[in-house]
file structure.cif (mmCIF, C-alpha atoms and all ligand atoms)
data_my_file
loop_
_atom_site.group_PDB
_atom_site.id
_atom_site.type_symbol
_atom_site.label_atom_id
_atom_site.label_comp_id
_atom_site.auth_asym_id
_atom_site.auth_seq_id
_atom_site.Cartn_x
_atom_site.Cartn_y
_atom_site.Cartn_z
ATOM 1 C CA MET A 1 5.374 42.298 40.074
ATOM 2 C CA GLU A 2 8.306 42.088 37.813
ATOM 3 C CA VAL A 3 9.384 38.541 36.981
ATOM 4 C CA ILE A 4 12.610 37.146 35.589
ATOM 5 C CA LEU A 5 12.032 33.791 33.985
ATOM 6 C CA ALA A 6 15.087 31.570 33.497
ATOM 7 C CA LYS A 7 15.747 30.796 29.830
ATOM 8 C CA SER A 8 17.060 27.316 30.537
ATOM 9 C CA ARG A 9 14.205 26.033 32.667
ATOM 10 C CA GLY A 10 12.142 22.866 32.685
ATOM 11 C CA PHE A 11 12.555 20.259 29.958
ATOM 12 C CA CYS A 12 15.944 20.050 28.305
ATOM 13 C CA PHE A 13 16.131 19.831 24.515
ATOM 14 C CA GLY A 14 16.103 16.013 24.459
ATOM 15 C CA VAL A 15 13.167 15.537 26.829
ATOM 16 C CA LYS A 16 11.133 18.283 25.128
ATOM 17 C CA ARG A 17 11.670 16.593 21.789
ATOM 18 C CA ALA A 18 10.644 13.184 23.181
ATOM 19 C CA VAL A 19 7.515 14.523 24.921
ATOM 20 C CA GLU A 20 6.457 16.336 21.743
ATOM 21 C CA THR A 21 6.988 13.156 19.746
ATOM 22 C CA VAL A 22 4.672 11.219 22.062
ATOM 23 C CA TYR A 23 1.944 13.913 21.896
ATOM 24 C CA GLU A 24 2.213 14.061 18.096
ATOM 25 C CA GLN A 25 1.887 10.306 17.787
ATOM 26 C CA ALA A 26 -1.049 10.224 20.190
ATOM 27 C CA GLU A 27 -2.833 12.861 18.062
ATOM 28 C CA LYS A 28 -2.079 11.017 14.864
ATOM 29 C CA THR A 29 -3.001 7.486 15.830
ATOM 30 C CA GLY A 30 -5.480 8.077 18.640
ATOM 31 C CA GLY A 31 -3.972 5.435 20.929
ATOM 32 C CA ASP A 32 -2.254 2.055 20.908
ATOM 33 C CA ILE A 33 0.960 3.831 21.830
ATOM 34 C CA TYR A 34 3.528 2.781 24.368
ATOM 35 C CA THR A 35 6.564 4.514 25.774
ATOM 36 C CA TYR A 36 9.441 2.375 26.955
ATOM 37 C CA GLY A 37 9.706 3.851 30.453
ATOM 38 C CA GLU A 38 8.017 7.125 31.440
ATOM 39 C CA VAL A 39 8.770 9.742 28.815
ATOM 40 C CA VAL A 40 9.369 12.223 31.635
ATOM 41 C CA HIS A 41 9.258 11.785 35.421
ATOM 42 C CA ASN A 42 6.224 13.934 35.886
ATOM 43 C CA GLU A 43 2.975 12.367 37.122
ATOM 44 C CA MET A 44 0.781 15.000 35.507
ATOM 45 C CA VAL A 45 2.302 14.576 32.059
ATOM 46 C CA VAL A 46 2.172 10.782 32.300
ATOM 47 C CA ALA A 47 -1.488 10.913 33.455
ATOM 48 C CA ASP A 48 -2.392 13.324 30.652
ATOM 49 C CA LEU A 49 -0.770 11.061 28.088
ATOM 50 C CA GLU A 50 -2.564 8.059 29.523
ATOM 51 C CA LYS A 51 -5.868 9.793 28.804
ATOM 52 C CA LYS A 52 -4.743 10.030 25.207
ATOM 53 C CA GLY A 53 -4.097 6.305 25.044
ATOM 54 C CA VAL A 54 -0.383 6.238 25.837
ATOM 55 C CA LYS A 55 0.720 3.435 28.138
ATOM 56 C CA VAL A 56 4.051 3.008 29.880
ATOM 57 C CA LEU A 57 6.045 -0.195 29.496
ATOM 58 C CA GLU A 58 8.239 -0.841 32.507
ATOM 59 C CA ASP A 59 10.644 -3.384 31.074
ATOM 60 C CA ARG A 60 11.338 -6.128 28.538
ATOM 61 C CA VAL A 61 8.759 -8.408 30.166
ATOM 62 C CA SER A 62 5.920 -5.901 29.749
ATOM 63 C CA LEU A 63 7.126 -5.197 26.208
ATOM 64 C CA LYS A 64 6.770 -8.932 25.453
ATOM 65 C CA SER A 65 3.044 -8.780 26.129
ATOM 66 C CA VAL A 66 2.383 -6.082 23.506
ATOM 67 C CA VAL A 67 0.861 -7.497 20.342
ATOM 68 C CA SER A 68 0.291 -4.391 18.238
ATOM 69 C CA GLY A 69 0.932 -0.655 18.172
ATOM 70 C CA THR A 70 3.783 1.801 18.379
ATOM 71 C CA VAL A 71 6.592 1.828 20.909
ATOM 72 C CA ILE A 72 8.366 5.128 21.502
ATOM 73 C CA ILE A 73 11.847 5.137 22.960
ATOM 74 C CA ARG A 74 12.345 8.055 25.328
ATOM 75 C CA ALA A 75 15.249 10.523 25.471
ATOM 76 C CA HIS A 76 17.407 8.333 27.779
ATOM 77 C CA GLY A 77 17.641 5.676 25.071
ATOM 78 C CA VAL A 78 17.651 1.894 25.487
ATOM 79 C CA ALA A 79 19.926 -1.080 24.843
ATOM 80 C CA LYS A 80 20.233 -2.517 21.350
ATOM 81 C CA ASP A 81 18.313 -5.689 22.232
ATOM 82 C CA VAL A 82 15.202 -3.631 23.070
ATOM 83 C CA TYR A 83 15.166 -2.295 19.477
ATOM 84 C CA GLU A 84 15.531 -5.879 18.260
ATOM 85 C CA GLN A 85 12.719 -7.088 20.497
ATOM 86 C CA ILE A 86 10.370 -4.345 19.231
ATOM 87 C CA GLU A 87 11.159 -5.265 15.642
ATOM 88 C CA THR A 88 10.859 -9.016 16.222
ATOM 89 C CA GLN A 89 7.401 -8.478 17.710
ATOM 90 C CA GLY A 90 6.388 -6.593 14.545
ATOM 91 C CA LEU A 91 5.665 -3.351 16.411
ATOM 92 C CA THR A 92 6.256 0.142 15.032
ATOM 93 C CA LEU A 93 9.297 1.754 16.575
ATOM 94 C CA ILE A 94 9.724 5.483 17.007
ATOM 95 C CA ASP A 95 13.079 6.484 18.347
ATOM 96 C CA ALA A 96 13.035 9.666 20.441
ATOM 97 C CA THR A 97 16.452 8.986 21.979
ATOM 98 C CA CYS A 98 18.189 12.317 22.556
ATOM 99 C CA PRO A 99 20.782 12.801 19.781
ATOM 100 C CA PHE A 100 23.441 13.406 22.459
ATOM 101 C CA VAL A 101 22.727 9.981 23.944
ATOM 102 C CA LYS A 102 22.561 8.403 20.489
ATOM 103 C CA ARG A 103 26.037 9.758 19.861
ATOM 104 C CA ILE A 104 27.301 7.777 22.879
ATOM 105 C CA HIS A 105 25.643 4.608 21.576
ATOM 106 C CA LYS A 106 27.461 5.054 18.268
ATOM 107 C CA ILE A 107 30.820 5.655 19.959
ATOM 108 C CA VAL A 108 30.633 2.602 22.223
ATOM 109 C CA GLU A 109 29.297 0.365 19.480
ATOM 110 C CA LYS A 110 32.155 1.293 17.149
ATOM 111 C CA GLU A 111 34.931 1.309 19.746
ATOM 112 C CA SER A 112 33.883 -1.985 21.303
ATOM 113 C CA ALA A 113 33.612 -3.567 17.843
ATOM 114 C CA GLU A 114 37.226 -2.522 17.311
ATOM 115 C CA GLY A 115 38.170 -4.411 20.450
ATOM 116 C CA LYS A 116 38.365 -1.633 23.006
ATOM 117 C CA GLN A 117 37.215 -2.094 26.561
ATOM 118 C CA ILE A 118 34.455 0.395 27.314
ATOM 119 C CA VAL A 119 34.246 2.262 30.596
ATOM 120 C CA VAL A 120 31.124 4.311 31.293
ATOM 121 C CA ILE A 121 31.443 6.922 34.009
ATOM 122 C CA GLY A 122 28.010 7.173 35.562
ATOM 123 C CA ASN A 123 25.375 5.610 37.763
ATOM 124 C CA PRO A 124 25.018 1.903 36.884
ATOM 125 C CA ARG A 125 21.336 1.903 37.861
ATOM 126 C CA HIS A 126 20.410 4.837 35.659
ATOM 127 C CA PRO A 127 18.408 3.788 32.561
ATOM 128 C CA GLU A 128 20.612 5.902 30.307
ATOM 129 C CA VAL A 129 23.702 4.030 31.489
ATOM 130 C CA GLU A 130 21.959 0.659 31.135
ATOM 131 C CA GLY A 131 21.131 1.652 27.571
ATOM 132 C CA ILE A 132 24.727 2.668 26.799
ATOM 133 C CA VAL A 133 26.076 -0.613 28.189
ATOM 134 C CA GLY A 134 23.604 -2.408 25.955
ATOM 135 C CA TRP A 135 25.318 -0.973 22.858
ATOM 136 C CA CYS A 136 28.751 -2.382 23.749
ATOM 137 C CA ASN A 137 29.868 -5.558 22.052
ATOM 138 C CA ASN A 138 31.150 -7.291 25.152
ATOM 139 C CA GLY A 139 29.529 -5.366 27.958
ATOM 140 C CA ALA A 140 31.188 -2.478 29.759
ATOM 141 C CA THR A 141 32.540 -1.467 33.139
ATOM 142 C CA VAL A 142 30.527 1.249 34.856
ATOM 143 C CA ILE A 143 32.427 3.473 37.253
ATOM 144 C CA GLU A 144 30.637 5.856 39.555
ATOM 145 C CA THR A 145 33.127 6.621 42.321
ATOM 146 C CA VAL A 146 36.739 7.680 42.666
ATOM 147 C CA GLU A 147 37.407 4.489 44.621
ATOM 148 C CA GLU A 148 36.085 2.319 41.773
ATOM 149 C CA ALA A 149 38.311 4.220 39.353
ATOM 150 C CA GLU A 150 41.329 3.606 41.543
ATOM 151 C CA ASN A 151 40.608 -0.124 41.729
ATOM 152 C CA PHE A 152 40.027 -0.504 38.009
ATOM 153 C CA VAL A 153 42.518 -2.563 36.024
ATOM 154 C CA PRO A 154 42.016 -2.980 32.270
ATOM 155 C CA LYS A 155 41.885 -6.411 30.739
ATOM 156 C CA GLU A 156 45.292 -7.638 29.583
ATOM 157 C CA GLY A 157 46.552 -5.660 26.580
ATOM 158 C CA LYS A 158 43.230 -3.860 26.079
ATOM 159 C CA GLU A 159 42.839 -0.259 25.015
ATOM 160 C CA VAL A 160 40.192 1.532 27.044
ATOM 161 C CA CYS A 161 37.535 3.911 25.753
ATOM 162 C CA ILE A 162 35.912 6.146 28.349
ATOM 163 C CA VAL A 163 32.522 7.796 27.909
ATOM 164 C CA SER A 164 30.247 9.485 30.398
ATOM 165 C CA GLN A 165 26.581 9.522 31.362
ATOM 166 C CA THR A 166 25.257 12.809 29.942
ATOM 167 C CA THR A 167 24.250 14.224 33.328
ATOM 168 C CA PHE A 168 27.407 13.265 35.235
ATOM 169 C CA ASN A 169 29.200 15.994 37.183
ATOM 170 C CA TYR A 170 31.934 17.445 34.986
ATOM 171 C CA ASN A 171 34.550 17.981 37.729
ATOM 172 C CA LYS A 172 34.137 14.451 39.029
ATOM 173 C CA PHE A 173 34.428 13.094 35.490
ATOM 174 C CA GLN A 174 37.677 15.012 34.964
ATOM 175 C CA TYR A 175 39.034 13.744 38.259
ATOM 176 C CA ILE A 176 38.250 10.125 37.401
ATOM 177 C CA VAL A 177 39.779 10.484 33.923
ATOM 178 C CA GLU A 178 42.965 11.829 35.503
ATOM 179 C CA ILE A 179 43.207 8.715 37.673
ATOM 180 C CA PHE A 180 43.217 6.605 34.497
ATOM 181 C CA GLN A 181 45.745 8.833 32.801
ATOM 182 C CA LYS A 182 48.103 8.819 35.790
ATOM 183 C CA LYS A 183 48.123 5.031 35.705
ATOM 184 C CA ASP A 184 49.348 5.267 32.139
ATOM 185 C CA TYR A 185 46.610 3.073 30.727
ATOM 186 C CA ASN A 186 46.056 3.311 27.015
ATOM 187 C CA VAL A 187 42.848 5.352 27.062
ATOM 188 C CA THR A 188 40.761 7.401 24.665
ATOM 189 C CA VAL A 189 38.291 9.737 26.296
ATOM 190 C CA ALA A 190 35.030 11.012 24.854
ATOM 191 C CA ASN A 191 33.561 13.718 27.022
ATOM 192 C CA THR A 192 29.887 13.038 26.458
ATOM 193 C CA ILE A 193 28.514 15.192 29.264
ATOM 194 C CA CYS A 194 25.593 17.375 28.192
ATOM 195 C CA ASN A 195 25.682 20.897 29.557
ATOM 196 C CA ALA A 196 21.886 21.345 29.816
ATOM 197 C CA THR A 197 21.883 20.671 33.568
ATOM 198 C CA GLU A 198 24.889 22.844 34.260
ATOM 199 C CA GLU A 199 23.486 25.732 32.231
ATOM 200 C CA ARG A 200 20.185 25.517 34.077
ATOM 201 C CA GLN A 201 21.992 25.642 37.429
ATOM 202 C CA LYS A 202 24.302 28.454 36.421
ATOM 203 C CA GLU A 203 21.474 30.648 35.201
ATOM 204 C CA ALA A 204 19.319 29.911 38.286
ATOM 205 C CA LYS A 205 22.211 30.985 40.510
ATOM 206 C CA GLU A 206 22.647 34.249 38.634
ATOM 207 C CA ILE A 207 18.948 35.060 38.749
ATOM 208 C CA ALA A 208 18.605 34.126 42.446
ATOM 209 C CA ALA A 209 21.462 36.477 43.268
ATOM 210 C CA SER A 210 19.665 39.407 41.670
ATOM 211 C CA VAL A 211 16.031 39.018 42.816
ATOM 212 C CA ASP A 212 14.080 39.602 46.051
ATOM 213 C CA ALA A 213 12.350 36.221 45.895
ATOM 214 C CA MET A 214 12.962 33.077 43.863
ATOM 215 C CA ILE A 215 10.522 30.312 42.923
ATOM 216 C CA VAL A 216 11.794 26.870 41.969
ATOM 217 C CA ILE A 217 9.191 24.611 40.347
ATOM 218 C CA GLY A 218 9.562 20.839 40.162
ATOM 219 C CA GLY A 219 8.700 17.409 41.525
ATOM 220 C CA ARG A 220 9.276 16.786 45.214
ATOM 221 C CA HIS A 221 11.358 13.715 44.398
ATOM 222 C CA SER A 222 13.266 15.257 41.546
ATOM 223 C CA SER A 223 16.916 15.435 42.543
ATOM 224 C CA ASN A 224 17.801 18.049 39.940
ATOM 225 C CA THR A 225 15.003 20.330 41.230
ATOM 226 C CA ARG A 226 16.228 19.917 44.797
ATOM 227 C CA LYS A 227 19.690 20.843 43.620
ATOM 228 C CA LEU A 228 18.292 23.986 41.959
ATOM 229 C CA TYR A 229 16.534 24.865 45.196
ATOM 230 C CA GLU A 230 19.753 24.445 47.182
ATOM 231 C CA ILE A 231 21.716 26.635 44.779
ATOM 232 C CA CYS A 232 19.054 29.352 44.773
ATOM 233 C CA SER A 233 18.566 29.309 48.563
ATOM 234 C CA LYS A 234 22.219 30.126 49.036
ATOM 235 C CA GLU A 235 21.840 33.231 46.892
ATOM 236 C CA CYS A 236 18.354 34.281 47.936
ATOM 237 C CA PRO A 237 16.844 33.589 51.392
ATOM 238 C CA ASN A 238 13.288 34.011 50.004
ATOM 239 C CA THR A 239 13.447 30.893 47.840
ATOM 240 C CA TYR A 240 10.293 28.774 47.455
ATOM 241 C CA PHE A 241 10.110 25.156 46.229
ATOM 242 C CA ILE A 242 6.734 24.302 44.686
ATOM 243 C CA GLN A 243 5.311 21.482 42.551
ATOM 244 C CA THR A 244 2.430 23.401 41.017
ATOM 245 C CA LEU A 245 0.671 26.721 41.445
ATOM 246 C CA ASP A 246 -1.472 25.159 44.228
ATOM 247 C CA ASP A 247 1.572 24.992 46.499
ATOM 248 C CA LEU A 248 2.345 28.642 46.084
ATOM 249 C CA HIS A 249 1.472 30.517 49.249
ATOM 250 C CA LEU A 250 3.652 33.516 48.823
ATOM 251 C CA GLU A 251 3.748 35.985 51.605
ATOM 252 C CA LEU A 252 6.092 38.499 50.226
ATOM 253 C CA PRO A 253 7.269 41.526 52.122
ATOM 254 C CA LYS A 254 6.141 44.834 50.614
ATOM 255 C CA SER A 255 9.689 45.593 49.594
ATOM 256 C CA VAL A 256 9.754 42.705 47.111
ATOM 257 C CA ARG A 257 9.795 44.039 43.565
ATOM 258 C CA LEU A 258 11.512 41.374 41.559
ATOM 259 C CA VAL A 259 10.790 37.616 41.506
ATOM 260 C CA GLY A 260 12.840 34.987 39.697
ATOM 261 C CA ILE A 261 11.431 31.705 38.407
ATOM 262 C CA THR A 262 13.174 28.523 37.309
ATOM 263 C CA ALA A 263 12.106 24.886 37.006
ATOM 264 C CA GLY A 264 13.554 21.390 37.208
ATOM 265 C CA ALA A 265 14.100 19.159 34.193
ATOM 266 C CA SER A 266 10.766 17.354 34.344
ATOM 267 C CA THR A 267 8.507 20.394 34.719
ATOM 268 C CA PRO A 268 6.278 21.118 31.726
ATOM 269 C CA ASN A 269 6.040 24.625 30.367
ATOM 270 C CA ASN A 270 2.331 25.106 31.080
ATOM 271 C CA ILE A 271 2.945 24.803 34.847
ATOM 272 C CA ILE A 272 5.775 27.334 34.648
ATOM 273 C CA GLU A 273 3.585 29.738 32.671
ATOM 274 C CA GLU A 274 0.713 29.414 35.131
ATOM 275 C CA VAL A 275 3.001 30.327 38.023
ATOM 276 C CA GLN A 276 4.557 33.159 36.083
ATOM 277 C CA ASN A 277 1.193 34.708 35.159
ATOM 278 C CA TYR A 278 -0.090 34.347 38.689
ATOM 279 C CA VAL A 279 2.901 36.099 40.215
ATOM 280 C CA ARG A 280 2.806 38.905 37.633
ATOM 281 C CA ILE A 281 -0.867 39.625 38.145
ATOM 282 C CA ASN A 282 -1.389 38.997 41.855
ATOM 283 C CA PHE A 283 1.501 40.795 43.426
HETATM 284 FE FE1 LIG B 301 18.617 16.358 27.969
HETATM 285 FE FE2 LIG B 301 19.725 15.137 25.974
HETATM 286 FE FE3 LIG B 301 21.136 16.609 27.560
HETATM 287 S S1 LIG B 301 18.106 14.354 27.245
HETATM 288 S S2 LIG B 301 20.165 16.459 29.544
HETATM 289 S S3 LIG B 301 19.558 17.318 26.197
HETATM 290 S S4 LIG B 301 21.678 14.640 26.763
#

call {"tool": "encode", "arguments": {"input": "structure.cif", "output": "structure tokens", "more": "lines below"}}
Ligand code: F3S
result
Amino acid sequence: MEVILAKSRGFCFGVKRAVETVYEQAEKTGGDIYTYGEVVHNEMVVADLEKKGVKVLEDRVSLKSVVSGTVIIRAHGVAKDVYEQIETQGLTLIDATCPFVKRIHKIVEKESAEGKQIVVIGNPRHPEVEGIVGWCNNGATVIETVEEAENFVPKEGKEVCIVSQTTFNYNKFQYIVEIFQKKDYNVTVANTICNATEERQKEAKEIAASVDAMIVIGGRHSSNTRKLYEICSKECPNTYFIQTLDDLHLELPKSVRLVGITAGASTPNNIIEEVQNYVRINF
């Protein structure tokens, strides 16, 4: 069977870099390593790392109980006070925050220090957004919906600086920014959306449109994988959503000659390769 493998599949640049950092540290130190939050939302990767002595810290309270070792900050980044807490506790800090997220931290830190009111367009419950807010001098307003944007009024005489969660939808971001601009508020806008997700979706759509069957690999609860599945299903009726090779029960019609494969953001490469090899050899 001929297979087309999406180039932008699985881990994005930032997550790949963070996962590699954790593995490297685990090799080097042989344990006593913590990640602040799961380095990637993938049970298998987290379980594998646990075997190598890497534990996950859920929050500031669990961080408090750590007396020695290394704490790795994942790609999403964290608030400034978490860095301070790690240092105060005398722990080793390794920062694997994605450089694109770090850039947002720098922008909001500088702009809020200069007195601007920061608005983050994104999901207020997302750890990345919580981290960004934690780099603002006097907090920030998080706006997720068009309605919230319409109701927003800046503080008296304040300039506003708008940034975005890296994975926010670009069209929605533009729309919300226009609402601010129409109201004639004094705003500066930093488009901090990362195009990794969009690229992955665009390529998956193109591949799905040109193959006889499409396989989408990713966690059942992963919203970006579900989105990939939706996009591909529209282009290719033979689209399969699997977590690992074990879920793959392909019954392909004889006419199928070309299979496409893509994967959600938290799917490690070894799972993708396993599926790819299986399909190549067995069909
Ligand atoms: Fe990934 Fe960094 Fe973009 S974590 S989605 S490459 S902002």

call {"tool": "resolve_selection", "arguments": {"input": "structure.cif", "expression": "the PyMOL selection byres (((chain A and resi 34) around 8) and not hetatm)", "output": "list in words"}}
result
Asp32, Ile33, Thr35, Tyr36, Val54, Lys55, Val56, Leu57, Gly69, Thr70, Val71 and Ile72 of chain A

call {"tool": "residues_around", "arguments": {"input": "structure.cif", "residues": "Pro127 in chain A", "least_positions_apart": "2", "cutoff": "8 Å", "atoms": "all atoms listed in the file", "output": "PyMOL selection string"}}
result
chain A and resi 76-78+125+129-131

call {"tool": "resolve_selection", "arguments": {"input": "structure.cif", "expression": "the PyMOL selection byres (((not hetatm)) within 12 of (chain B and resi 301))", "output": "VMD selection string"}}
result
chain A and resid 8 to 19 39 to 40 73 to 77 96 to 105 127 to 129 164 to 169 191 to 200 224 264 to 266

call {"tool": "resolve_selection", "arguments": {"input": "structure.cif", "expression": "the PyMOL selection byres (((chain A and resi 273) around 12) and not hetatm)", "output": "tab-separated table (two decimals) with C-alpha atoms, keeping the file's coordinate frame"}}
result
chain	number	residue	atom	x	y	z
A	3	VAL	CA	9.38	38.54	36.98
A	5	LEU	CA	12.03	33.79	33.98
A	6	ALA	CA	15.09	31.57	33.50
A	9	ARG	CA	14.20	26.03	32.67
A	10	GLY	CA	12.14	22.87	32.68
A	217	ILE	CA	9.19	24.61	40.35
A	244	THR	CA	2.43	23.40	41.02
A	245	LEU	CA	0.67	26.72	41.44
A	261	ILE	CA	11.43	31.70	38.41
A	262	THR	CA	13.17	28.52	37.31
A	263	ALA	CA	12.11	24.89	37.01
A	267	THR	CA	8.51	20.39	34.72
A	268	PRO	CA	6.28	21.12	31.73
A	269	ASN	CA	6.04	24.62	30.37
A	270	ASN	CA	2.33	25.11	31.08
A	271	ILE	CA	2.94	24.80	34.85
A	272	ILE	CA	5.78	27.33	34.65
A	274	GLU	CA	0.71	29.41	35.13
A	275	VAL	CA	3.00	30.33	38.02
A	276	GLN	CA	4.56	33.16	36.08
A	277	ASN	CA	1.19	34.71	35.16
A	278	TYR	CA	-0.09	34.35	38.69
A	279	VAL	CA	2.90	36.10	40.22
A	280	ARG	CA	2.81	38.90	37.63

call {"tool": "residues_around", "arguments": {"input": "structure.cif", "residues": "Pro124 in chain A", "least_positions_apart": "6", "cutoff": "9 Å", "atoms": "only C-alpha atoms", "output": "compact mmCIF listing (two decimals) with C-alpha atoms, keeping the file's coordinate frame"}}
result
# COMPACT_ATOMS: atom_id res chain seq x y z
CA GLU A 130 21.96 0.66 31.14
CA VAL A 142 30.53 1.25 34.86
CA ILE A 143 32.43 3.47 37.25
CA GLU A 144 30.64 5.86 39.56

call {"tool": "closest_residue", "arguments": {"input": "structure.cif", "among": "A:Val67, A:Ile207, A:Cys136, A:Ile176", "to": "Lys110 in chain A", "atoms": "all atoms listed in the file"}}
result
A:Cys136

call {"tool": "residues_around", "arguments": {"input": "structure.cif", "residues": "Val177 in chain A", "least_positions_apart": "6", "cutoff": "9 Å", "atoms": "all atoms listed in the file", "output": "ChimeraX atom specification"}}
result
/A:149,162,189

call {"tool": "atom_distance", "arguments": {"input": "structure.cif", "atom1": "CA of Glu2 in chain A", "atom2": "CA of Gln243 in chain A"}}
result
21.4 Å

call {"tool": "residues_around", "arguments": {"input": "structure.cif", "residues": "Glu251 in chain A", "least_positions_apart": "5", "cutoff": "12 Å", "atoms": "all atoms listed in the file", "output": "list in words"}}
result
Ala213, Asn238, Thr239, Tyr240, Val256, Val279, Asn282 and Phe283 of chain A

call {"tool": "atom_distance", "arguments": {"input": "structure.cif", "atom1": "CA of Gly122 in chain A", "atom2": "CA of Lys205 in chain A"}}
result
25.0 Å

call {"tool": "axis_aligned_box", "arguments": {"input": "structure.cif", "around": "range 232-238 of chain A", "padding_each_side": "8 Å", "output": "lines of an AutoDock Vina configuration file"}}
result
center_x = 17.8
center_y = 31.8
center_z = 48.1
size_x = 24.9
size_y = 21.0
size_z = 22.6

call {"tool": "closest_residue", "arguments": {"input": "structure.cif", "among": "A:Leu228, A:Ile179, A:Val160, A:Leu248", "to": "Ser112 in chain A", "atoms": "only C-alpha atoms"}}
result
A:Val160

call {"tool": "closest_residue", "arguments": {"input": "structure.cif", "among": "A:Val163, A:Ile281, A:Met214, A:Ile121", "to": "Leu252 in chain A", "atoms": "all atoms listed in the file"}}
result
A:Met214

call {"tool": "atom_distance", "arguments": {"input": "structure.cif", "atom1": "CA of Phe180 in chain A", "atom2": "CA of Glu150 in chain A"}}
result
7.9 Å

call {"tool": "closest_residue", "arguments": {"input": "structure.cif", "among": "A:Val216, A:Leu250, A:Ile107, A:Ala140", "to": "Ala190 in chain A", "atoms": "all atoms listed in the file"}}
result
A:Ile107

call {"tool": "closest_residue", "arguments": {"input": "structure.cif", "among": "A:Lys172, A:Lys106, A:Lys155, A:Lys7", "to": "Gly134 in chain A", "atoms": "all atoms listed in the file"}}
result
A:Lys106

call {"tool": "closest_residue", "arguments": {"input": "structure.cif", "among": "A:Glu50, A:Ala204, A:Glu178, A:Val211", "to": "Glu230 in chain A", "atoms": "all atoms listed in the file"}}
result
A:Ala204

call {"tool": "residues_around", "arguments": {"input": "structure.cif", "residues": "Asn137 in chain A", "least_positions_apart": "4", "cutoff": "10 Å", "atoms": "only C-alpha atoms", "output": "PDB file with C-alpha atoms, in the coordinates of the input"}}
result
ATOM      1  CA  VAL A 108      30.633   2.602  22.223  1.00  0.00           C
ATOM      2  CA  GLU A 109      29.297   0.365  19.480  1.00  0.00           C
ATOM      3  CA  LYS A 110      32.155   1.293  17.149  1.00  0.00           C
ATOM      4  CA  GLU A 111      34.931   1.309  19.746  1.00  0.00           C
ATOM      5  CA  SER A 112      33.883  -1.985  21.303  1.00  0.00           C
ATOM      6  CA  ALA A 113      33.612  -3.567  17.843  1.00  0.00           C
ATOM      7  CA  GLU A 114      37.226  -2.522  17.311  1.00  0.00           C
ATOM      8  CA  GLY A 115      38.170  -4.411  20.450  1.00  0.00           C
ATOM      9  CA  LYS A 116      38.365  -1.633  23.006  1.00  0.00           C
ATOM     10  CA  GLN A 117      37.215  -2.094  26.561  1.00  0.00           C
ATOM     11  CA  ILE A 118      34.455   0.395  27.314  1.00  0.00           C
ATOM     12  CA  VAL A 133      26.076  -0.613  28.189  1.00  0.00           C
TER      13      VAL A 133
END
